Amino acid sequence: MVESYSQNANHNMRRPVVKEEIVDYMRTHLLENQGHLAEIEAFAHEHNIPIIQHEVVAYFRLLMKTLAPKHILEIGTAIGFSALLMAEFAPESQITTIDRNPEMIGLAKENFDQYDSRKQIRLLEGDAVDLIKGLDQEYDFVFMDSAKSKYIVFLPEILKHVKKGGLIVFDDIFQGGDIAKPIEEVRRGQRTIYRGLHRLFDSTLKHPGLTASLIPMSDGLLLLRKDEDDVILSD
Ligand SMILES: C[S@@+](CC[C@H](N)C(=O)[O-])C[C@H]1O[C@@H](n2cnc3c(N)ncnc32)[C@H](O)[C@@H]1O
């Protein structure tokens with residue numbers, strides 16, 4: 001039994017920002033996962049563990065094959081599904097992934113022991129806010145999939161560890177569509193995330209040192225390409 005996530009968890013992941021029939025079409029027509037990835041995906045769905053949704057899986061296959069990143073950083077491992085997906089489709093990559101939830105870490109370790117056959121993945125245990133300061137590597141691909149209100153808090157440090165030309169992908173950035181509403185219409189419990197995401201957009205979307213794209217896929221992806229050696233965000 002997995003205890004970290006209840007049936008009512010991940011509210012925004014169940015509010016697609018694209019018409020439901022299109023979401024269904026994508027999820028039923030894109031190539032299914034095979035083997036261990038299919039098993040881990042099914043386990044996550046059974047236990048309400050929030051992993052990337054199927055259209056994002058397909059997009060990541062394409063990104064990994066096209067970009068062939070050598071050094072990947074992921075914030076938010078959960079049970080290791082997206083890390084194992086990236087490892088499979090970027091077989092030359094080394095992946096550092098961070099999580100702080102002991103239950104998720106336990107399950108991720110089991111999955112990595114069993115399925116990370118090329119030993120590509122290194123799991124760092126603890127809060128990303130502390131761990132990212134100690135990173136000793138430059139990354140060409142970063143996947144941000146942790147607490148949404150903290151994306152903007154992590155980003156200045158993350159940017160120091162991304163190569164010029166590197167890509168940062170943020171998952172779940174539309175809050176099921178709330179992001180486009182005035183704050184008074186957003187549930188009180190969701191307002192910290194709302195403010196954090198707005199700060200993230202304000203600091204990045206038109207930044208001269210970044211190329212930004214917002215993709216209405218799943219609950220929304222933000223893609224940032226780091227165009228210069230040093231990118232400093234203004235407050
Ligand atoms: C959406 S899940 C990650 C799903 C995974 N990327 C996948 O698609 O297979 C988010 C994870 O981020 C972790 N997390 C949230 N905030 C964090 C933080 N500040 N530091 C480390 N991990 C964090 C949670 O414990 C959770 O396991």
# chains A, B, ... in the order shown; residues from 1 in each chain; ligands from 1
$ select_by_dssp --residues "segment 64-222 of chain A" --states "alpha helix (DSSP H)" --output "MDAnalysis selection string"
chainID A and resid 64:67 81:89 102:115 128:131 151:160 191:204
$ closest_atom_pairs --of "chain A" --to "ligand 1" --cutoff "6 Å" --atoms "only C-alpha atoms and all ligand atoms" --output "JSON lines"
{"residue": "A:Pro50", "atom": "CA", "partner": "ligand 1", "partner_atom_place_in_ligand_line": "1 (C)", "distance": 4.7}
{"residue": "A:Ile51", "atom": "CA", "partner": "ligand 1", "partner_atom_place_in_ligand_line": "8 (O)", "distance": 3.4}
{"residue": "A:Ile52", "atom": "CA", "partner": "ligand 1", "partner_atom_place_in_ligand_line": "8 (O)", "distance": 3.9}
{"residue": "A:Gly76", "atom": "CA", "partner": "ligand 1", "partner_atom_place_in_ligand_line": "12 (O)", "distance": 3.3}
{"residue": "A:Thr77", "atom": "CA", "partner": "ligand 1", "partner_atom_place_in_ligand_line": "5 (C)", "distance": 4.7}
{"residue": "A:Ala78", "atom": "CA", "partner": "ligand 1", "partner_atom_place_in_ligand_line": "27 (O)", "distance": 3.4}
{"residue": "A:Gly80", "atom": "CA", "partner": "ligand 1", "partner_atom_place_in_ligand_line": "9 (O)", "distance": 5.2}
{"residue": "A:Phe81", "atom": "CA", "partner": "ligand 1", "partner_atom_place_in_ligand_line": "9 (O)", "distance": 3.8}
{"residue": "A:Ser82", "atom": "CA", "partner": "ligand 1", "partner_atom_place_in_ligand_line": "9 (O)", "distance": 3.9}
{"residue": "A:Ile98", "atom": "CA", "partner": "ligand 1", "partner_atom_place_in_ligand_line": "21 (C)", "distance": 5.5}
{"residue": "A:Asp99", "atom": "CA", "partner": "ligand 1", "partner_atom_place_in_ligand_line": "22 (N)", "distance": 3.5}
{"residue": "A:Arg100", "atom": "CA", "partner": "ligand 1", "partner_atom_place_in_ligand_line": "21 (C)", "distance": 4.3}
{"residue": "A:Asn101", "atom": "CA", "partner": "ligand 1", "partner_atom_place_in_ligand_line": "25 (O)", "distance": 4.3}
{"residue": "A:Met104", "atom": "CA", "partner": "ligand 1", "partner_atom_place_in_ligand_line": "27 (O)", "distance": 5.7}
{"residue": "A:Gly126", "atom": "CA", "partner": "ligand 1", "partner_atom_place_in_ligand_line": "21 (C)", "distance": 5.8}
{"residue": "A:Asp127", "atom": "CA", "partner": "ligand 1", "partner_atom_place_in_ligand_line": "20 (N)", "distance": 3.7}
{"residue": "A:Ala128", "atom": "CA", "partner": "ligand 1", "partner_atom_place_in_ligand_line": "20 (N)", "distance": 3.8}
{"residue": "A:Val129", "atom": "CA", "partner": "ligand 1", "partner_atom_place_in_ligand_line": "19 (N)", "distance": 5.9}
{"residue": "A:Asp145", "atom": "CA", "partner": "ligand 1", "partner_atom_place_in_ligand_line": "6 (N)", "distance": 5.2}
{"residue": "A:Ser146", "atom": "CA", "partner": "ligand 1", "partner_atom_place_in_ligand_line": "12 (O)", "distance": 3.7}
{"residue": "A:Ala147", "atom": "CA", "partner": "ligand 1", "partner_atom_place_in_ligand_line": "16 (N)", "distance": 4.2}
$ write_last_selection --atoms "C-alpha atoms" --output "tab-separated table (two decimals), in the first residue's frame"
chain	number	residue	atom	x	y	z
A	50	PRO	CA	1.60	11.67	-10.03
A	51	ILE	CA	3.86	10.72	-12.92
A	52	ILE	CA	4.06	12.42	-16.31
A	76	GLY	CA	11.07	15.17	-8.44
A	77	THR	CA	11.79	11.45	-8.90
A	78	ALA	CA	8.65	9.91	-7.36
A	80	GLY	CA	11.53	6.73	-10.95
A	81	PHE	CA	9.22	6.47	-13.95
A	82	SER	CA	10.36	9.57	-15.87
A	98	ILE	CA	16.30	14.33	-6.55
A	99	ASP	CA	13.42	13.50	-4.19
A	100	ARG	CA	12.67	14.11	-0.52
A	101	ASN	CA	9.75	11.73	0.15
A	104	MET	CA	8.87	7.51	-3.02
A	126	GLY	CA	16.67	15.26	0.39
A	127	ASP	CA	15.11	18.65	-0.28
A	128	ALA	CA	16.09	20.07	-3.64
A	129	VAL	CA	16.45	23.51	-2.07
A	145	ASP	CA	8.67	18.15	-11.71
A	146	SER	CA	8.46	18.96	-7.97
A	147	ALA	CA	6.48	21.43	-5.84
$ closest_residue --among "A:Gly106, A:Asp219, A:Arg15, A:Gln7" --to "His45 of chain A" --atoms "only C-alpha atoms"
A:Gln7
$ closest_atom_pairs --of "segment 34-91 of chain A" --to "segment 165-185 of chain A" --cutoff "12 Å" --atoms "only C-alpha atoms" --output "JSON lines"
{"residue": "A:Pro50", "atom": "CA", "partner": "A:Asp172", "partner_atom": "CA", "distance": 10.6}
{"residue": "A:Ile51", "atom": "CA", "partner": "A:Asp171", "partner_atom": "CA", "distance": 10.1}
{"residue": "A:Ile52", "atom": "CA", "partner": "A:Asp171", "partner_atom": "CA", "distance": 8.0}
{"residue": "A:Gln53", "atom": "CA", "partner": "A:Asp171", "partner_atom": "CA", "distance": 10.0}
{"residue": "A:Val56", "atom": "CA", "partner": "A:Asp171", "partner_atom": "CA", "distance": 9.1}
{"residue": "A:Val57", "atom": "CA", "partner": "A:Asp171", "partner_atom": "CA", "distance": 11.8}
{"residue": "A:Tyr59", "atom": "CA", "partner": "A:Val169", "partner_atom": "CA", "distance": 11.4}
{"residue": "A:Phe60", "atom": "CA", "partner": "A:Val169", "partner_atom": "CA", "distance": 10.1}
{"residue": "A:Leu63", "atom": "CA", "partner": "A:Leu167", "partner_atom": "CA", "distance": 10.2}
{"residue": "A:Met64", "atom": "CA", "partner": "A:Leu167", "partner_atom": "CA", "distance": 11.3}
{"residue": "A:Leu67", "atom": "CA", "partner": "A:Leu167", "partner_atom": "CA", "distance": 9.4}
{"residue": "A:Ala68", "atom": "CA", "partner": "A:Gly166", "partner_atom": "CA", "distance": 11.4}
{"residue": "A:Pro69", "atom": "CA", "partner": "A:Gly166", "partner_atom": "CA", "distance": 8.8}
{"residue": "A:Lys70", "atom": "CA", "partner": "A:Gly166", "partner_atom": "CA", "distance": 10.7}
{"residue": "A:His71", "atom": "CA", "partner": "A:Gly166", "partner_atom": "CA", "distance": 10.0}
{"residue": "A:Ile72", "atom": "CA", "partner": "A:Leu167", "partner_atom": "CA", "distance": 9.8}
{"residue": "A:Leu73", "atom": "CA", "partner": "A:Ile168", "partner_atom": "CA", "distance": 9.2}
{"residue": "A:Glu74", "atom": "CA", "partner": "A:Val169", "partner_atom": "CA", "distance": 9.6}
{"residue": "A:Ile75", "atom": "CA", "partner": "A:Phe170", "partner_atom": "CA", "distance": 9.7}
{"residue": "A:Gly76", "atom": "CA", "partner": "A:Asp171", "partner_atom": "CA", "distance": 10.4}
{"residue": "A:Ser82", "atom": "CA", "partner": "A:Asp171", "partner_atom": "CA", "distance": 11.6}
$ residues_around --residues "segment 21-23 of chain A" --least-positions-apart "3" --cutoff "12 Å" --atoms "only C-alpha atoms" --output "count of residues only"
18
$ residues_around --residues "segment 222-227 of chain A" --least-positions-apart "4" --cutoff "12 Å" --atoms "only C-alpha atoms" --output "MDAnalysis selection string"
chainID A and resid 63 139:145 148 151 155:156 158:174 197 200:201 203:218 231:233
$ select_by_dssp --residues "segment 77-177 of chain A" --states "strand (DSSP E or B)" --output "ChimeraX atom specification"
/A:94-99,121-125,139-144,162-171
$ write_last_selection --atoms "N, CA and C atoms" --output "PDB file, in the first residue's frame"
ATOM      1  N   GLN A  94      23.777  10.457 -18.435  1.00  0.00           N
ATOM      2  CA  GLN A  94      23.888  10.226 -16.996  1.00  0.00           C
ATOM      3  C   GLN A  94      22.823  11.105 -16.354  1.00  0.00           C
ATOM      4  N   ILE A  95      22.033  10.531 -15.456  1.00  0.00           N
ATOM      5  CA  ILE A  95      20.885  11.250 -14.892  1.00  0.00           C
ATOM      6  C   ILE A  95      21.053  11.392 -13.382  1.00  0.00           C
ATOM      7  N   THR A  96      20.915  12.644 -12.907  1.00  0.00           N
ATOM      8  CA  THR A  96      20.842  12.888 -11.459  1.00  0.00           C
ATOM      9  C   THR A  96      19.401  13.233 -11.155  1.00  0.00           C
ATOM     10  N   THR A  97      18.791  12.523 -10.210  1.00  0.00           N
ATOM     11  CA  THR A  97      17.392  12.807  -9.876  1.00  0.00           C
ATOM     12  C   THR A  97      17.249  12.976  -8.373  1.00  0.00           C
ATOM     13  N   ILE A  98      16.397  13.927  -7.962  1.00  0.00           N
ATOM     14  CA  ILE A  98      16.302  14.327  -6.551  1.00  0.00           C
ATOM     15  C   ILE A  98      14.873  14.132  -6.041  1.00  0.00           C
ATOM     16  N   ASP A  99      14.728  13.537  -4.857  1.00  0.00           N
ATOM     17  CA  ASP A  99      13.417  13.500  -4.194  1.00  0.00           C
ATOM     18  C   ASP A  99      13.622  13.523  -2.677  1.00  0.00           C
ATOM     19  N   ILE A 121      21.527   6.149 -13.631  1.00  0.00           N
ATOM     20  CA  ILE A 121      20.776   7.049 -12.740  1.00  0.00           C
ATOM     21  C   ILE A 121      21.403   7.131 -11.347  1.00  0.00           C
ATOM     22  N   ARG A 122      21.550   8.374 -10.857  1.00  0.00           N
ATOM     23  CA  ARG A 122      22.022   8.619  -9.487  1.00  0.00           C
ATOM     24  C   ARG A 122      20.899   9.340  -8.747  1.00  0.00           C
ATOM     25  N   LEU A 123      20.466   8.759  -7.628  1.00  0.00           N
ATOM     26  CA  LEU A 123      19.362   9.349  -6.863  1.00  0.00           C
ATOM     27  C   LEU A 123      19.918  10.105  -5.665  1.00  0.00           C
ATOM     28  N   LEU A 124      19.583  11.391  -5.569  1.00  0.00           N
ATOM     29  CA  LEU A 124      19.983  12.175  -4.398  1.00  0.00           C
ATOM     30  C   LEU A 124      18.759  12.348  -3.500  1.00  0.00           C
ATOM     31  N   GLU A 125      18.948  12.057  -2.221  1.00  0.00           N
ATOM     32  CA  GLU A 125      17.820  12.064  -1.278  1.00  0.00           C
ATOM     33  C   GLU A 125      17.844  13.323  -0.430  1.00  0.00           C
ATOM     34  N   TYR A 139      24.552  20.643 -16.705  1.00  0.00           N
ATOM     35  CA  TYR A 139      23.532  19.800 -17.346  1.00  0.00           C
ATOM     36  C   TYR A 139      23.092  20.392 -18.677  1.00  0.00           C
ATOM     37  N   ASP A 140      22.745  19.499 -19.620  1.00  0.00           N
ATOM     38  CA  ASP A 140      22.190  20.020 -20.872  1.00  0.00           C
ATOM     39  C   ASP A 140      20.682  19.819 -20.969  1.00  0.00           C
ATOM     40  N   PHE A 141      20.121  19.095 -19.990  1.00  0.00           N
ATOM     41  CA  PHE A 141      18.659  18.938 -19.947  1.00  0.00           C
ATOM     42  C   PHE A 141      18.243  18.854 -18.481  1.00  0.00           C
ATOM     43  N   VAL A 142      17.254  19.677 -18.109  1.00  0.00           N
ATOM     44  CA  VAL A 142      16.747  19.652 -16.729  1.00  0.00           C
ATOM     45  C   VAL A 142      15.234  19.455 -16.781  1.00  0.00           C
ATOM     46  N   PHE A 143      14.740  18.527 -15.964  1.00  0.00           N
ATOM     47  CA  PHE A 143      13.300  18.328 -15.867  1.00  0.00           C
ATOM     48  C   PHE A 143      12.854  18.705 -14.465  1.00  0.00           C
ATOM     49  N   MET A 144      12.039  19.745 -14.375  1.00  0.00           N
ATOM     50  CA  MET A 144      11.537  20.239 -13.094  1.00  0.00           C
ATOM     51  C   MET A 144      10.129  19.691 -12.888  1.00  0.00           C
ATOM     52  N   VAL A 162      23.198  24.920 -15.763  1.00  0.00           N
ATOM     53  CA  VAL A 162      22.754  24.535 -17.111  1.00  0.00           C
ATOM     54  C   VAL A 162      23.733  25.109 -18.126  1.00  0.00           C
ATOM     55  N   LYS A 163      24.112  24.278 -19.088  1.00  0.00           N
ATOM     56  CA  LYS A 163      25.018  24.739 -20.144  1.00  0.00           C
ATOM     57  C   LYS A 163      24.311  25.733 -21.048  1.00  0.00           C
ATOM     58  N   LYS A 164      25.085  26.610 -21.681  1.00  0.00           N
ATOM     59  CA  LYS A 164      24.517  27.465 -22.729  1.00  0.00           C
ATOM     60  C   LYS A 164      23.939  26.542 -23.809  1.00  0.00           C
ATOM     61  N   GLY A 165      22.715  26.800 -24.231  1.00  0.00           N
ATOM     62  CA  GLY A 165      22.060  25.921 -25.217  1.00  0.00           C
ATOM     63  C   GLY A 165      21.258  24.807 -24.566  1.00  0.00           C
ATOM     64  N   GLY A 166      21.366  24.678 -23.244  1.00  0.00           N
ATOM     65  CA  GLY A 166      20.628  23.628 -22.540  1.00  0.00           C
ATOM     66  C   GLY A 166      19.150  23.968 -22.397  1.00  0.00           C
ATOM     67  N   LEU A 167      18.365  22.930 -22.123  1.00  0.00           N
ATOM     68  CA  LEU A 167      16.910  23.092 -22.044  1.00  0.00           C
ATOM     69  C   LEU A 167      16.407  22.735 -20.650  1.00  0.00           C
ATOM     70  N   ILE A 168      15.492  23.569 -20.129  1.00  0.00           N
ATOM     71  CA  ILE A 168      14.833  23.269 -18.849  1.00  0.00           C
ATOM     72  C   ILE A 168      13.340  23.083 -19.145  1.00  0.00           C
ATOM     73  N   VAL A 169      12.784  21.981 -18.718  1.00  0.00           N
ATOM     74  CA  VAL A 169      11.356  21.699 -18.922  1.00  0.00           C
ATOM     75  C   VAL A 169      10.674  21.671 -17.561  1.00  0.00           C
ATOM     76  N   PHE A 170       9.596  22.435 -17.427  1.00  0.00           N
ATOM     77  CA  PHE A 170       8.799  22.464 -16.184  1.00  0.00           C
ATOM     78  C   PHE A 170       7.446  21.822 -16.475  1.00  0.00           C
ATOM     79  N   ASP A 171       7.029  20.905 -15.597  1.00  0.00           N
ATOM     80  CA  ASP A 171       5.736  20.250 -15.804  1.00  0.00           C
ATOM     81  C   ASP A 171       4.656  20.909 -14.934  1.00  0.00           C
TER      82      ASP A 171
END
$ atom_distance --atom1 "atom CA of Met1 of chain A" --atom2 "atom CA of Asn48 of chain A"
11.1 Å
$ atom_distance --atom1 "atom CA of Ile152 of chain A" --atom2 "atom CA of Ala9 of chain A"
22.6 Å
$ atom_distance --atom1 "atom CA of Ala90 of chain A" --atom2 "atom CA of Thr66 of chain A"
9.1 Å
